[in-house]
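Chemist: protein_33.txt is reproduced below (compact mmCIF, C-alpha atoms).
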```
# COMPACT_ATOMS: atom_id res chain seq x y z
CA MET A 7 292.82 161.77 55.48
CA ALA A 8 293.77 165.17 56.86
CA GLU A 9 297.44 164.40 56.19
CA PHE A 10 296.61 163.54 52.58
CA ASN A 11 294.66 166.79 52.16
CA HIS A 12 297.45 168.83 53.68
CA GLY A 13 300.09 166.97 51.70
CA ILE A 14 298.34 167.92 48.47
CA GLU A 15 298.47 171.52 49.77
CA ILE A 16 294.77 172.27 49.94
CA ARG A 17 295.38 175.03 52.49
CA GLU A 18 297.99 176.73 50.34
CA LEU A 19 295.82 176.49 47.22
CA VAL A 20 292.77 177.91 48.98
CA ASP A 21 294.72 180.85 50.38
CA LYS A 22 296.22 181.51 46.95
CA TYR A 23 293.00 181.57 44.92
CA LEU A 24 290.31 182.82 47.32
CA PRO A 25 289.85 186.42 48.57
CA GLN A 26 291.73 187.27 51.74
CA PRO A 27 290.03 188.69 54.87
CA ARG A 28 289.09 192.36 54.84
CA SER A 29 290.95 193.05 58.09
CA ASN A 30 294.05 191.78 59.88
CA ARG A 31 291.84 190.15 62.50
CA GLY A 32 289.93 188.01 59.98
CA PHE A 33 290.59 184.35 59.21
CA THR A 34 292.33 183.32 56.00
CA PRO A 35 290.15 181.28 53.58
CA SER A 36 291.82 177.97 54.45
CA VAL A 37 290.67 178.31 58.07
CA PHE A 38 287.12 177.90 56.74
CA VAL A 39 287.62 175.48 53.85
CA ASP A 40 289.92 172.93 55.49
CA PRO A 41 287.63 172.17 58.46
CA LEU A 42 284.63 171.97 56.10
CA VAL A 43 286.44 169.38 53.97
CA LEU A 44 287.31 167.38 57.10
CA MET A 45 283.72 167.67 58.32
CA HIS A 46 282.33 166.35 55.03
CA GLY A 47 284.73 163.43 55.12
CA SER A 48 283.85 162.63 58.72
CA GLY A 49 280.11 162.55 58.09
CA GLY A 50 278.96 166.03 59.10
CA VAL A 51 275.90 167.30 57.23
CA SER A 52 275.27 170.76 58.70
CA LEU A 53 277.39 173.73 59.74
CA GLU A 54 276.62 172.93 63.38
CA ASP A 55 278.54 169.66 62.98
CA ILE A 56 281.76 171.67 62.73
CA ARG A 57 281.64 171.88 66.53
CA GLU A 58 282.48 168.17 66.70
CA LEU A 59 285.89 168.93 65.21
CA LYS A 60 286.47 171.66 67.77
CA TYR A 61 285.80 169.19 70.59
CA GLU A 62 288.48 166.84 69.20
CA GLU A 63 291.34 168.85 70.68
CA GLY A 64 293.91 166.06 70.52
CA LEU A 65 293.16 165.22 66.89
CA MET A 66 293.19 168.90 65.88
CA ARG A 67 296.59 169.26 67.51
CA VAL A 68 297.97 166.24 65.63
CA ILE A 69 296.83 167.55 62.22
CA GLY A 70 297.81 171.16 62.91
CA GLU A 71 294.33 172.70 63.08
CA ARG A 72 294.71 175.57 65.52
CA GLN A 73 291.55 177.48 64.60
CA ILE A 74 288.07 176.08 64.02
CA PRO A 75 285.54 178.83 63.18
CA SER A 76 282.06 178.80 64.66
CA PRO A 77 279.07 177.76 62.50
CA ASP A 78 277.89 181.38 62.39
CA ALA A 79 281.31 182.56 61.21
CA ILE A 80 281.36 179.93 58.47
CA GLY A 81 277.85 180.88 57.34
CA LYS A 82 278.83 184.56 57.08
CA TRP A 83 281.99 183.63 55.16
CA LEU A 84 280.02 181.51 52.68
CA LYS A 85 277.71 184.47 52.02
CA ARG A 86 280.63 186.84 51.60
CA MET A 87 282.37 184.48 49.15
CA GLY A 88 279.14 184.20 47.18
CA GLU A 89 278.47 187.93 47.23
CA GLU A 90 281.92 189.19 46.21
CA SER A 91 281.89 190.34 42.58
CA GLY A 92 278.63 188.54 42.00
CA GLY A 93 280.08 185.28 43.27
CA GLN A 94 283.00 185.37 40.84
CA LYS A 95 285.80 185.49 43.40
CA GLY A 96 284.60 182.77 45.74
CA VAL A 97 283.16 180.27 43.26
CA LEU A 98 285.83 180.84 40.61
CA GLY A 99 288.57 180.71 43.22
CA LEU A 100 287.34 177.29 44.34
CA ASP A 101 287.13 176.30 40.66
CA LYS A 102 290.90 176.87 40.42
CA VAL A 103 291.47 174.94 43.65
CA ARG A 104 289.49 171.95 42.34
CA GLU A 105 291.31 172.15 39.01
CA LYS A 106 294.77 172.15 40.62
CA ILE A 107 293.89 169.25 42.92
CA ASN A 108 292.49 167.24 40.00
CA GLN A 109 295.65 167.88 37.98
CA ARG A 110 297.77 166.44 40.77
CA LEU A 111 295.50 163.42 41.24
CA LEU A 112 295.11 162.62 37.53
CA LYS A 113 298.83 162.96 36.88
CA ARG A 114 299.41 159.71 38.75
CA ASP A 115 296.62 157.48 37.47
CA GLY A 116 298.40 156.28 34.30
CA ILE A 117 295.40 157.09 32.06
CA LYS A 118 295.45 159.45 29.08
CA GLU A 119 291.94 159.12 27.64
CA TYR A 120 288.72 159.39 29.67
CA THR A 121 284.98 158.99 29.35
CA LEU A 122 282.96 162.00 30.51
CA ASP A 123 279.59 161.27 32.11
CA ALA A 124 277.45 164.42 32.31
CA ASP A 125 274.44 164.43 34.58
CA ALA A 126 272.19 166.84 36.47
CA THR A 127 271.10 165.99 40.01
CA GLU A 128 268.30 167.38 42.15
CA ILE A 129 268.91 168.82 45.62
CA ILE A 130 265.71 169.39 47.56
CA ALA A 131 265.98 172.51 49.73
CA GLU A 132 263.25 174.66 51.26
CA LYS A 133 265.36 177.81 51.05
CA ASN A 134 264.38 181.43 50.46
CA ASP A 135 266.10 181.71 47.09
CA ALA A 136 265.32 178.18 45.89
CA ASN A 137 263.02 177.61 42.91
CA TYR A 138 260.90 174.61 41.96
CA THR A 139 262.55 171.90 39.86
CA TYR A 140 260.86 170.08 36.99
CA LYS A 141 260.13 167.30 39.48
CA GLY A 142 257.96 169.68 41.51
CA ASN A 143 260.35 170.09 44.46
CA LYS A 144 261.85 173.31 45.73
CA GLY A 145 265.64 173.23 45.50
CA TYR A 146 268.57 173.26 43.09
CA MET A 147 269.64 171.36 39.99
CA PRO A 148 273.48 171.31 39.78
CA MET A 149 275.20 169.86 36.71
CA LEU A 150 278.15 167.51 37.25
CA GLY A 151 280.79 166.06 34.96
CA PHE A 152 282.50 162.86 36.13
CA LEU A 153 285.49 161.12 34.57
CA TYR A 154 284.35 157.50 34.57
CA GLU A 155 287.82 155.91 34.72
CA ALA A 156 289.07 158.15 37.55
CA LYS A 157 285.71 158.61 39.36
CA LEU A 158 286.59 162.31 39.80
CA CYS A 159 284.27 165.26 39.27
CA ILE A 160 286.13 167.36 36.70
CA TYR A 161 283.61 170.22 36.80
CA ASP A 162 280.47 171.22 38.70
CA GLU A 163 277.97 173.95 37.92
CA PHE A 164 275.50 174.92 40.64
CA ARG A 165 272.16 175.80 39.06
CA GLU A 166 268.81 177.13 40.16
CA GLY A 167 266.05 174.58 40.60
CA ASN A 168 264.06 175.93 37.67
CA ALA A 169 267.02 175.73 35.30
CA SER A 170 266.38 173.22 32.54
CA PRO A 171 268.82 170.26 32.55
CA ALA A 172 269.08 170.81 28.77
CA PHE A 173 270.39 174.36 29.21
CA GLY A 174 274.01 175.05 28.21
CA GLN A 175 275.02 171.45 27.44
CA LYS A 176 277.64 172.41 24.89
CA ASP A 177 279.16 175.03 27.21
CA PHE A 178 279.22 172.53 30.05
CA TYR A 179 281.09 169.96 27.94
CA THR A 180 283.55 172.67 26.85
CA ALA A 181 284.13 173.68 30.48
CA CYS A 182 284.91 170.05 31.37
CA LYS A 183 287.26 169.72 28.39
CA ASN A 184 289.12 172.92 29.29
CA ARG A 185 289.84 171.63 32.79
CA MET A 186 291.61 168.48 31.63
CA PRO A 187 295.31 168.40 32.53
CA ARG A 188 297.89 168.68 29.77
CA GLY A 189 298.46 165.35 28.01
CA LYS A 190 295.02 164.00 28.98
CA GLN A 191 291.78 164.30 27.05
CA ILE A 192 288.11 163.38 26.91
CA LYS A 193 287.71 160.70 24.22
CA ALA A 194 284.17 159.52 24.98
CA PHE A 195 280.97 161.19 26.19
CA ARG A 196 277.76 159.76 27.68
CA ALA A 197 274.61 161.53 28.79
CA ASP A 198 270.84 161.34 29.02
CA SER A 199 268.29 162.97 26.74
CA ALA A 200 269.01 166.48 28.10
CA SER A 201 272.18 166.37 25.98
CA TYR A 202 270.38 165.32 22.80
CA GLN A 203 271.19 168.59 21.02
CA ALA A 204 272.64 169.26 17.58
CA GLU A 205 275.03 171.94 18.85
CA LEU A 206 276.63 169.57 21.36
CA ILE A 207 276.73 166.65 18.92
CA ASN A 208 278.49 168.79 16.28
CA THR A 209 281.07 169.89 18.87
CA LEU A 210 281.73 166.29 19.93
CA GLU A 211 282.22 165.33 16.28
CA GLU A 212 284.68 168.20 15.76
CA ASP A 213 286.67 166.99 18.78
CA ALA A 214 286.67 163.37 17.49
CA VAL A 215 284.92 162.21 20.66
CA LYS A 216 282.97 158.95 20.68
CA TRP A 217 279.55 159.66 22.12
CA GLY A 218 276.36 157.96 23.22
CA ILE A 219 273.33 160.04 24.17
CA THR A 220 269.83 158.93 25.08
CA ALA A 221 267.58 160.27 22.30
CA ALA A 222 264.57 162.32 23.27
CA HIS A 223 261.27 160.77 22.18
CA ASP A 224 260.28 163.63 19.88
CA LYS A 225 258.10 163.24 16.78
CA ALA A 226 261.05 162.40 14.54
CA VAL A 227 262.30 159.64 16.83
CA LYS A 228 258.82 158.17 17.30
CA ALA A 229 258.35 158.10 13.54
CA LEU A 230 261.75 156.43 13.19
CA ILE A 231 260.74 153.67 15.61
CA LYS A 232 257.49 153.02 13.73
CA SER A 233 259.36 152.79 10.43
CA ILE A 234 261.40 149.77 11.60
CA GLU A 235 260.07 146.55 10.13
CA GLU A 236 259.27 143.70 12.49
CA GLY A 237 261.90 141.47 10.91
CA MET A 238 264.66 143.90 11.88
CA TRP A 239 264.18 143.28 15.60
CA HIS A 240 266.32 140.59 17.19
CA GLU A 241 267.33 139.38 20.63
CA PRO A 242 271.07 140.17 21.09
CA GLU A 243 271.55 137.46 23.71
CA ARG A 244 269.27 134.57 24.55
CA GLY A 245 267.22 135.31 27.65
CA CYS A 246 268.24 138.99 27.92
CA GLY A 247 264.57 140.01 27.96
CA TYR A 248 264.63 142.61 25.20
CA GLU A 249 265.15 143.10 21.48
CA ILE A 250 267.19 145.65 19.54
CA ALA A 251 267.18 147.17 16.09
CA GLU A 252 269.27 149.81 14.37
CA THR A 253 268.83 152.62 11.89
CA VAL A 254 270.44 155.89 10.83
CA HIS A 255 269.17 159.35 11.70
CA CYS A 256 270.08 163.01 11.18
CA MET A 257 268.78 166.00 13.14
CA ASN A 258 267.98 169.24 11.34
CA LYS A 259 271.13 171.02 12.48
CA THR A 260 273.63 168.18 12.83
CA ASP A 261 276.49 168.15 10.33
CA LYS A 262 276.51 164.35 10.06
CA SER A 263 274.04 161.51 10.29
CA PHE A 264 274.50 159.10 13.17
CA ARG A 265 273.56 155.65 14.33
CA MET A 266 270.45 154.92 16.39
CA VAL A 267 270.42 151.80 18.54
CA ILE A 268 266.88 151.05 19.72
CA LYS A 269 266.03 148.70 22.54
CA ARG A 270 262.46 147.53 23.09
CA GLU A 271 260.91 145.68 26.00
CA ILE A 272 257.34 144.51 26.54
CA ARG A 273 255.63 146.82 29.01
CA LYS A 274 255.04 145.10 32.33
CA GLN A 275 252.13 147.43 32.97
CA PRO A 276 249.95 148.98 30.25
CA ASP A 277 250.18 152.73 29.68
CA ILE A 278 246.73 154.30 29.28
CA PHE A 279 248.28 157.18 27.36
CA ASP A 280 250.23 154.96 24.95
CA GLU A 281 248.74 152.01 23.08
CA ASP A 282 252.18 150.65 22.12
CA ARG A 283 252.78 147.36 23.93
CA TYR A 284 256.54 148.05 23.93
CA PHE A 285 258.73 150.43 25.89
CA HIS A 286 261.53 151.86 23.73
CA HIS A 287 264.93 153.19 24.79
CA VAL A 288 266.88 154.89 22.01
CA ILE A 289 270.61 155.64 22.04
CA ALA A 290 272.09 158.01 19.48
CA THR A 291 275.79 157.33 18.90
CA ASN A 292 278.69 157.74 16.50
CA TRP A 293 280.26 154.39 17.40
CA LEU A 294 280.70 152.45 14.15
CA GLU A 295 279.27 148.96 13.92
CA GLU A 296 282.74 147.45 13.50
CA GLU A 297 283.79 149.21 16.74
CA LYS A 298 280.79 148.22 18.87
CA THR A 299 277.76 146.08 18.11
CA GLY A 300 274.35 147.42 19.06
CA TYR A 301 274.38 145.24 22.18
CA GLU A 302 277.83 146.57 23.15
CA VAL A 303 276.66 150.16 22.65
CA ILE A 304 273.80 149.53 25.08
CA GLN A 305 276.13 147.90 27.62
CA TRP A 306 278.62 150.77 27.31
CA HIS A 307 275.93 153.42 27.62
CA ASN A 308 274.45 151.69 30.67
CA GLN A 309 277.75 152.26 32.47
CA ARG A 310 276.74 155.89 32.84
CA GLY A 311 274.61 154.58 35.68
CA ASP A 312 277.80 154.89 37.71
CA ALA A 313 277.49 158.67 37.33
CA GLU A 314 274.26 158.41 39.31
CA ASN A 315 276.17 156.42 41.94
CA PHE A 316 278.81 159.17 42.04
CA ASN A 317 275.99 161.66 42.59
CA LYS A 318 274.61 159.54 45.42
CA GLU A 319 278.05 159.36 47.03
CA LEU A 320 278.48 163.12 46.77
CA LYS A 321 275.02 163.88 48.12
CA GLY A 322 274.49 161.10 50.65
CA GLY A 323 278.10 160.42 51.62
CA PHE A 324 279.38 164.00 51.74
CA GLY A 325 276.27 165.83 52.90
CA MET A 326 275.48 167.62 49.63
CA GLU A 327 271.82 166.65 49.76
CA ARG A 328 271.37 169.42 52.31
CA MET A 329 272.25 173.09 51.77
CA PRO A 330 272.98 175.33 54.79
CA CYS A 331 272.14 178.84 53.56
CA GLY A 332 269.09 180.70 52.33
CA GLN A 333 271.02 182.30 49.47
CA THR A 334 271.78 180.42 46.26
CA TYR A 335 275.20 182.02 45.80
CA ALA A 336 276.31 180.97 49.31
CA ASN A 337 275.13 177.40 48.70
CA ALA A 338 277.08 177.37 45.42
CA VAL A 339 280.27 177.97 47.44
CA PHE A 340 279.33 175.27 49.96
CA PHE A 341 278.54 172.78 47.19
CA ARG A 342 281.87 173.33 45.42
CA ILE A 343 283.71 172.72 48.69
CA GLY A 344 281.77 169.45 48.97
CA VAL A 345 282.89 168.47 45.46
CA ILE A 346 286.50 169.18 46.44
CA ALA A 347 286.08 167.00 49.55
CA TYR A 348 284.68 164.20 47.38
CA ASN A 349 287.58 164.42 44.90
CA LEU A 350 290.15 164.43 47.71
CA PHE A 351 288.60 161.26 49.11
CA ILE A 352 288.71 159.59 45.69
CA GLY A 353 292.39 160.52 45.35
CA PHE A 354 293.12 159.39 48.89
CA LYS A 355 291.71 155.89 48.52
CA ARG A 356 293.10 155.33 45.00
CA LEU A 357 296.63 156.61 45.65
CA SER A 358 297.21 155.85 49.33
CA CYS A 359 295.10 152.86 50.31
CA PRO A 360 295.18 149.13 49.48
CA ASP A 361 293.80 148.28 46.03
CA SER A 362 290.99 146.29 47.61
CA TRP A 363 289.68 149.49 49.20
CA ALA A 364 289.32 151.35 45.89
CA ARG A 365 285.59 150.56 45.56
CA HIS A 366 284.73 151.38 49.16
CA THR A 367 282.25 154.20 49.73
CA ILE A 368 282.98 156.91 52.25
CA ARG A 369 280.59 155.21 54.68
CA THR A 370 282.63 152.02 54.54
CA PHE A 371 285.80 154.04 55.08
CA ARG A 372 284.31 155.66 58.16
CA TRP A 373 283.48 152.24 59.54
CA LYS A 374 286.92 150.78 58.77
CA MET A 375 289.18 153.72 59.49
CA ILE A 376 287.61 156.82 60.99
CA GLN A 377 285.45 155.19 63.66
CA VAL A 378 288.46 153.62 65.38
CA ALA A 379 289.12 154.15 69.07
CA GLU A 380 292.38 155.93 69.72
CA ARG A 381 294.27 157.71 72.44
CA ILE A 382 296.60 160.65 71.83
CA VAL A 383 299.41 161.07 74.36
CA SER A 384 302.57 163.16 74.68
CA HIS A 385 305.79 161.41 75.65
CA ALA A 386 309.38 162.63 75.55
CA GLY A 387 308.46 165.59 73.33
CA GLN A 388 306.53 163.41 70.88
CA VAL A 389 302.83 163.12 70.13
CA ILE A 390 301.85 159.45 69.95
CA ILE A 391 298.59 158.01 68.60
CA LYS A 392 297.62 154.69 70.17
CA LEU A 393 295.04 152.77 68.11
CA ALA A 394 292.73 150.06 69.42
CA VAL A 395 293.27 147.76 66.41
CA ASP A 396 295.00 144.46 65.70
CA ILE A 397 298.49 144.19 64.21
CA LYS A 398 297.20 143.53 60.68
CA LYS A 399 295.10 146.66 60.59
CA LEU A 400 297.85 148.70 62.22
CA ALA A 401 300.19 147.64 59.40
CA ILE A 402 297.62 148.90 56.86
CA PHE A 403 297.41 152.25 58.64
CA GLU A 404 301.19 152.56 58.66
CA GLU A 405 301.36 151.69 54.96
CA ILE A 406 298.74 154.34 54.13
CA ARG A 407 300.60 157.02 56.09
CA GLY A 408 303.85 156.04 54.40
CA LYS A 409 302.31 156.48 50.94
CA ILE A 410 300.84 159.84 51.96
CA PHE A 411 304.27 161.03 53.07
CA GLU A 412 305.85 159.96 49.78
CA LEU A 413 303.10 161.71 47.80
CA SER A 414 303.44 164.90 49.81
CA LEU A 415 307.04 165.15 48.62
CA ALA A 416 306.09 164.60 44.99
CA TRP A 417 303.16 166.97 44.39
CA ASP A 418 303.92 169.71 41.89
CA GLY A 419 302.19 171.93 39.32
```
Let's see the structure in the file written out as structure tokens.

Modeler:
Amino acid sequence: MAEFNHGIEIRELVDKYLPQPRSNRGFTPSVFVDPLVLMHGSGGVSLEDIRELKYEEGLMRVIGERQIPSPDAIGKWLKRMGEESGGQKGVLGLDKVREKINQRLLKRDGIKEYTLDADATEIIAEKNDANYTYKGNKGYMPMLGFLYEAKLCIYDEFREGNASPAFGQKDFYTACKNRMPRGKQIKAFRADSASYQAELINTLEEDAVKWGITAAHDKAVKALIKSIEEGMWHEPERGCGYEIAETVHCMNKTDKSFRMVIKREIRKQPDIFDEDRYFHHVIATNWLEEEKTGYEVIQWHNQRGDAENFNKELKGGFGMERMPCGQTYANAVFFRIGVIAYNLFIGFKRLSCPDSWARHTIRTFRWKMIQVAERIVSHAGQVIIKLAVDIKKLAIFEEIRGKIFELSLAWDG
């Protein structure tokens, strides 16, 4: 994994786009970022876990890591990157690093059109600068944009806990769109009710993007549901457990009317605040009926559940459910490094590993590949890694390293 990261030139990119040390005795940015990426991939969750890499002297020698900063040094660097120019240099520098890495990864996936899944996720953190989220927890509420087909995070925006998930939805979509590599584009968009906004919908229409957004249950939508006659409801598939109906709607500020696909299910438990015996889920969309039936719209929109799985992988698998610093701006730098580590792992398993490993989580990878006993020895001027695995698994490891070497010669742009 370190060879893949270095082959894609993460160290060179970090040193190019992030501020250099203030003195000749200071570490370059890559000395901090590269070990953090390795730590996230290896399962570390706090800055103290960086010491485990330092203890692995043989491994650090093999992958060319000569300097591993202390946890205190990393913490101070994160604060300095967040503080410089109001956080512009550190966070924006990492934005360019993530963008360049994504360009190199997406260039080789053979896909030209992608579905963007936008979603906010809660990070609970009892930190000095943290504010309470709408869920009542102290922490942060970052916004993430995932490309469904590639599983990559194209853009992340670290937000205060009290920031509304509905804030800046159009700007967030535009930021994701602007970070797409040349020759590739967002052709579909999915999101929850935080994105149910006329400004965003109009922008998606202008860009000819197919979209599906969970409609907020405001007065207009509730009235729309009540206006549907009983004979319009039907079961899309026998035994599916719910019924659907369709209608057309237009918000006050949308330029066009759009389709509303409504799903209703009988409440399993009565709601004392709502006498309606049904629970309704409404999807606003511009998919035409000849393109997708109502049932197909629901199935397609349900796929955005994978975005929640991507969030879980980022937070649980790469340690982003825990922030190390008391300052929001320092945690924003740490979080973006975690996103880069996640994207590098996605690229690594999709481009270098057997196809059957593509759906493995990072935890499965650690079990199969990282937690393998090895011995590093020097012989006749060579460094040799001896693995305690069978011949079949050794052949897989050799194949992975061969692909990494070929890719390292091909990266460009």

Chemist: Restricting the calculation to all atoms listed in the file: of A:Ile192, A:Leu413, A:Leu98, A:Ile250, which residue gets closest to Ile14 (chain A)?

Modeler: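 Among A:Ile192, A:Leu413, A:Leu98, A:Ile250, it is A:Leu413 that comes nearest to Ile14 (chain A).
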
Chemist: Within 10 Å of region 358-365 of chain A, counting all atoms listed in the file, which residues qualify if same-chain residues fewer than 4 places away don't, as a list of chain:residue names?

Modeler: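 That gives A:Met7, A:Phe10, A:Ile352, A:Gly353, A:Phe354, A:Thr370, A:Phe371, A:Ile402, A:Phe403, A:Glu405, A:Ile406, A:Arg407, A:Gly408, A:Lys409, A:Ile410, A:Phe411, A:Glu412, A:Leu413.
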
Chemist: Given the choices A:Ser76, A:Gln309, A:Thr34, A:Gln109, which gets closest to Asn184 (chain A) if the distance is worked out from only C-alpha atoms?

Modeler: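 Looking at the shortest contact to Asn184 (chain A), the residue is A:Gln109.
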
Chemist: Considering all atoms listed in the file, can you say which of A:Glu236, A:Glu271, A:Glu297, A:Glu63 comes closest to Tyr248 (chain A)?

Modeler: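 Nearest to Tyr248 (chain A): A:Glu271.
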
Chemist: A:Ala79, A:Val51, A:Lys355, A:Thr260: which is nearest Glu211 (chain A), counting all atoms listed in the file?

Modeler: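 Smallest distance to Glu211 (chain A) is found for A:Thr260.
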
Chemist: Find the residue from A:Met186, A:Leu210, A:Met238, A:Leu65 that sits nearest to Lys106 (chain A); use all atoms listed in the file when measuring.

Modeler: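 Closest residue, counting all atoms listed in the file: A:Met186.
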
Chemist: Which residues of region 268-333 of chain A come within 8 Å of region 130-142 of chain A, and for each one, what is the closest pair of atoms and their distance in Å to one decimal, counting only C-alpha atoms, sorted by chain and residue number, as CSV?

Modeler:
```
residue,atom,partner,partner_atom,distance
A:Glu327,CA,A:Ile130,CA,7.0
A:Arg328,CA,A:Ala131,CA,6.7
A:Met329,CA,A:Ala131,CA,6.6
A:Cys331,CA,A:Lys133,CA,7.3
A:Gly332,CA,A:Lys133,CA,4.9
A:Gln333,CA,A:Asp135,CA,5.5
```

Chemist: Using all atoms listed in the file, what does the table of region 302-380 of chain A residues within 9 Å of region 41-50 of chain A look like, with each row giving the shortest atom pair and its distance in Å to one decimal, sorted by chain and ascending number, as a tab-separated table?

Modeler:
```
residue	atom	partner	partner_atom	distance
A:Gly323	CA	A:Gly49	CA	7.1
A:Phe324	CA	A:His46	CA	5.0
A:Gly325	CA	A:His46	CA	6.4
A:Met326	CA	A:His46	CA	8.8
A:Phe340	CA	A:Leu42	CA	8.8
A:Ile343	CA	A:Val43	CA	6.8
A:Gly344	CA	A:His46	CA	6.8
A:Ile346	CA	A:Val43	CA	7.5
A:Ala347	CA	A:Val43	CA	5.0
A:Tyr348	CA	A:Gly47	CA	7.8
A:Leu350	CA	A:Val43	CA	8.8
A:Phe351	CA	A:Gly47	CA	7.5
A:Ile368	CA	A:Gly47	CA	7.3
A:Arg369	CA	A:Gly49	CA	8.1
A:Arg372	CA	A:Ser48	CA	7.0
A:Ile376	CA	A:Ser48	CA	7.3
```

Chemist: So that I can see what lies close to Trp293 (chain A), please list as a compact mmCIF listing (two decimals) with C-alpha atoms, in the frame of the given file the residues with an atom at most 9 Å from it, counting only C-alpha atoms and leaving out residues fewer than 2 positions away in the same chain.

Modeler:
```txt
# COMPACT_ATOMS: atom_id res chain seq x y z
CA LYS A 216 282.97 158.95 20.68
CA TRP A 217 279.55 159.66 22.12
CA GLY A 218 276.36 157.96 23.22
CA PHE A 264 274.50 159.10 13.17
CA ARG A 265 273.56 155.65 14.33
CA THR A 291 275.79 157.33 18.90
CA GLU A 295 279.27 148.96 13.92
CA GLU A 296 282.74 147.45 13.50
CA GLU A 297 283.79 149.21 16.74
CA LYS A 298 280.79 148.22 18.87
CA THR A 299 277.76 146.08 18.11
CA VAL A 303 276.66 150.16 22.65
```

Chemist: Looking at A:Glu404, A:Asp40, A:Glu252, A:Asp224, which one is nearest to Gly237 (chain A), with distances taken over only C-alpha atoms?

Modeler: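 Closest candidate: A:Glu252.
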
Chemist: Name the residues in contact with Ile74 (chain A) at a cut-off of 8 Å, using only C-alpha atoms, excluding same-chain residues fewer than 4 positions from it; report them as a list in words.

Modeler: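 Result of the neighbour search: Val37, Phe38, Pro41, Ile56, Leu59 and Lys60 of chain A.
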
Chemist: Export C-alpha atoms of the chosen residues as a PDB file, in the frame of the given file?

Modeler:
```pdb
ATOM      1  CA  VAL A  37     290.670 178.310  58.070  1.00  0.00           C
ATOM      2  CA  PHE A  38     287.120 177.900  56.740  1.00  0.00           C
ATOM      3  CA  PRO A  41     287.630 172.170  58.460  1.00  0.00           C
ATOM      4  CA  ILE A  56     281.760 171.670  62.730  1.00  0.00           C
ATOM      5  CA  LEU A  59     285.890 168.930  65.210  1.00  0.00           C
ATOM      6  CA  LYS A  60     286.470 171.660  67.770  1.00  0.00           C
TER       7      LYS A  60
END
```

Chemist: Do you have the CA of Gly145 (chain A)-CA of Gly167 (chain A) distance handy?

Modeler: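 Straight-line distance from CA of Gly145 (chain A) to CA of Gly167 (chain A) works out to 5.1 Å.
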
Chemist: At a cut-off of 7 Å, using all atoms listed in the file, what residues contact region 99-103 of chain A? Leave out same-chain residues fewer than 6 positions from it and give the result as a list in words.

Modeler: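 Listing them by chain and then by number gives Leu19, Val20, Tyr23, Leu24 and Arg342 of chain A.
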